[in-house]
Structures are given as structure tokens and as C-alpha cells.
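> Quick one, target09.cif (mmCIF, C-alpha atoms):
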```
data_model
loop_
_atom_site.label_atom_id
_atom_site.label_comp_id
_atom_site.auth_asym_id
_atom_site.auth_seq_id
_atom_site.Cartn_x
_atom_site.Cartn_y
_atom_site.Cartn_z
CA MET V 1122 30.80 54.29 -2.42
CA THR V 1123 33.88 52.42 -1.30
CA ASN V 1124 34.62 48.79 -2.02
CA GLU V 1125 34.01 47.98 1.64
CA GLU V 1126 30.58 49.63 1.52
CA LEU V 1127 29.77 47.77 -1.69
CA GLU V 1128 30.79 44.50 -0.05
CA ILE V 1129 28.53 45.20 2.95
CA LEU V 1130 25.65 46.10 0.64
CA ALA V 1131 26.19 42.93 -1.41
CA GLU V 1132 26.16 40.79 1.75
CA LEU V 1133 22.96 42.46 2.97
CA LEU V 1134 21.28 41.88 -0.40
CA PHE V 1135 22.44 38.28 -0.49
CA ASP V 1136 21.10 37.67 3.04
CA LYS V 1137 17.74 39.17 2.08
CA LEU V 1138 17.56 37.05 -1.08
CA MET V 1139 18.39 33.91 0.88
CA GLU V 1140 15.71 34.69 3.47
CA ARG V 1141 13.15 35.21 0.73
CA GLN V 1142 14.19 31.99 -1.06
CA GLU V 1143 13.93 29.99 2.18
CA GLU V 1144 10.44 31.40 2.67
CA TYR V 1145 9.45 30.37 -0.88
CA ASP V 1146 10.94 26.91 -0.32
CA ARG V 1147 8.91 26.45 2.88
CA GLU V 1148 5.71 27.57 1.13
CA PHE V 1149 6.36 25.22 -1.78
CA GLU V 1150 6.99 22.28 0.55
CA GLU V 1151 3.79 23.05 2.48
CA ASN V 1152 1.81 23.25 -0.76
CA VAL V 1153 3.17 19.90 -1.95
CA GLN V 1154 2.39 18.28 1.39
CA ASP V 1155 -1.14 19.71 1.35
CA MET V 1156 -1.62 18.46 -2.18
CA PHE V 1157 -0.64 14.91 -1.20
CA LYS V 1158 -2.76 15.02 1.96
CA ALA V 1159 -5.76 16.08 -0.14
CA GLY V 1160 -5.15 13.20 -2.53
CA PHE V 1161 -2.81 14.02 -5.36
CA THR V 1162 -4.81 12.00 -7.89
CA ALA V 1163 -7.93 14.01 -7.07
CA GLU V 1164 -5.94 17.20 -7.59
CA ILE V 1165 -4.87 16.35 -11.13
CA LYS V 1166 -7.89 14.20 -12.04
CA LEU V 1167 -6.18 11.03 -13.24
CA THR V 1168 -8.36 8.59 -15.13
CA GLU V 1169 -8.54 4.91 -14.23
CA GLU V 1170 -6.47 4.11 -17.30
CA GLU V 1171 -3.77 6.59 -16.27
CA LEU V 1172 -3.69 5.16 -12.75
CA MET V 1173 -3.38 1.64 -14.16
CA ILE V 1174 -0.57 2.63 -16.51
CA GLY V 1175 1.23 4.34 -13.63
CA GLU V 1176 0.93 1.21 -11.50
CA LEU V 1177 2.18 -0.97 -14.34
CA ALA V 1178 5.14 1.35 -14.88
CA ARG V 1179 5.96 1.19 -11.17
CA LEU V 1180 5.82 -2.60 -11.19
CA GLN V 1181 7.89 -2.80 -14.38
CA THR V 1182 10.54 -0.58 -12.81
CA LEU V 1183 10.63 -2.68 -9.64
CA MET V 1184 10.88 -5.86 -11.68
CA MET V 1185 13.82 -4.51 -13.68
CA LEU V 1186 15.59 -3.29 -10.52
CA TYR V 1187 15.20 -6.67 -8.86
CA GLU V 1188 16.41 -8.49 -11.97
CA ASN V 1189 19.49 -6.27 -12.13
CA LYS V 1190 20.21 -7.05 -8.47
CA GLU V 1191 19.60 -10.74 -9.23
CA GLU V 1192 16.75 -10.80 -6.70
CA TYR V 1193 14.66 -13.03 -8.90
CA GLU V 1194 12.02 -13.94 -6.31
CA LYS V 1195 11.17 -10.27 -5.79
CA ALA V 1196 11.18 -9.75 -9.57
CA ALA V 1197 8.74 -12.65 -9.96
CA VAL V 1198 6.40 -11.12 -7.37
CA ALA V 1199 6.49 -7.76 -9.19
CA TYR V 1200 5.78 -9.52 -12.48
CA LEU V 1201 2.86 -11.44 -10.99
CA LYS V 1202 1.39 -8.24 -9.56
CA LYS V 1203 1.77 -6.65 -12.97
CA LEU V 1204 -0.04 -9.54 -14.64
CA MET V 1205 -2.80 -9.50 -12.02
CA THR V 1206 -3.28 -5.76 -12.56
CA LEU V 1207 -3.54 -6.25 -16.31
CA LYS V 1208 -5.98 -9.14 -15.94
CA ARG V 1209 -8.15 -7.26 -13.44
CA ASP V 1210 -8.39 -4.22 -15.66
CA TYR V 1211 -8.95 -6.34 -18.75
CA ASP V 1212 -11.75 -8.22 -17.00
CA ASN V 1213 -13.28 -4.91 -15.89
CA GLY V 1214 -13.43 -3.72 -19.49
CA ASN V 1215 -10.52 -1.29 -19.26
CA LYS V 1216 -8.70 -2.76 -22.27
CA THR V 1217 -5.65 -0.69 -23.14
CA ASN V 1218 -2.67 -1.18 -25.39
CA VAL V 1219 -0.46 -1.88 -22.38
CA SER V 1220 0.99 -5.35 -22.66
CA PRO V 1221 3.29 -7.19 -20.26
CA GLN V 1222 6.91 -7.41 -21.29
CA ILE V 1223 9.01 -10.45 -20.57
#
```
So, in terms of C-alpha cells, how does the structure I just supplied come out?

Amino acid sequence: MTNEELEILAELLFDKLMERQEEYDREFEENVQDMFKAGFTAEIKLTEEELMIGELARLQTLMMLYENKEEYEKAAVAYLKKLMTLKRDYDNGNKTNVSPQI
């Protein structure tokens, strides 16, 4: 086999691999979209405590981002939401070791 024939064969193989990878990527994206449409939390069976901790982590992250940008009003809103979430869950008997940070 000549170098030219090897080059043609390599290009054909590469094209086939790329087609197959694009197909896998499309399938993966469709699966992820279906999973979110079906309710991602139902798919992985998150507990109320895990959902609460996730929400608190989201609010903590937002608060820190706003503080770093010196958007203190937005940071205060995120902090208040965080406190309200903690209070609600505490009042509902879902007492965890998650505590607000100042």
C-alpha cells in the first residue's frame, strides 16, 4: 500500500469515526434533555434534605458572586432567601447540620 493510499484510508476512517461520534453526541444530548423533561430529581431520587442543601449551595454561590461584584443588594436578597429556606426547613422538622455563613 502506498503512502497516498494509506492517507486516503486514514481520512476515510477519520470521517467514519467523526460521524459515529456526532451520532453518539446527539443521542447523549437527547437523553439528557429527556431526563430533564421527565424531572431530573425524580430520575435520581433526591431526598428533601439533598434538595434543600442544593438550594442552599446555589444561594451561597450567588451571594458570594454578588459580593465579589460589589452588588450588595443582590447579595442581601440571596442571603435572605437562604435564611428563609433554612427557617422553613427547620420549622418543618428537617433539621440538618447546614448553618448559614456570614
> I'd like the interatomic distance between CA of Leu1204 in chain V and CA of Asn1189 in chain V, to a tenth of an Å.
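Atom-to-atom, CA of Leu1204 in chain V to CA of Asn1189 in chain V, that is 20.0 Å.
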> May I ask which of the residues V:Glu1132, V:Met1184, V:Glu1144, V:Leu1177 is the closest one to Leu1207 in chain V, counting only C-alpha atoms?
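Distance minimum relative to Leu1207 in chain V lands on V:Leu1177.
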> Starting from the PyMOL selection byres ((chain V and resi 1198-1200) around 10), expand the selection into actual residues of this file and give them as JSON, numbers by chain.
{"V": [1177, 1179, 1180, 1181, 1182, 1183, 1184, 1185, 1187, 1193, 1194, 1195, 1196, 1197, 1201, 1202, 1203, 1204, 1205, 1206, 1221, 1222, 1223]}
> Work out how far apart CA of Glu1140 in chain V and CA of Met1156 in chain V are and give it in Å to one decimal.
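That distance, rounded to one decimal, is 24.4 Å.
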> Which value, in Å to one decimal, gives the distance between CA of Met1173 in chain V and CA of Asp1210 in chain V?
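Distance between the two atoms: 7.9 Å.
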> Measuring between all atoms listed in the file, which one of V:Arg1141, V:Asn1213, V:Glu1151, V:Leu1133 shows the shortest distance to Glu1169 in chain V?
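Using all atoms listed in the file, the shortest distance to Glu1169 in chain V belongs to V:Asn1213.
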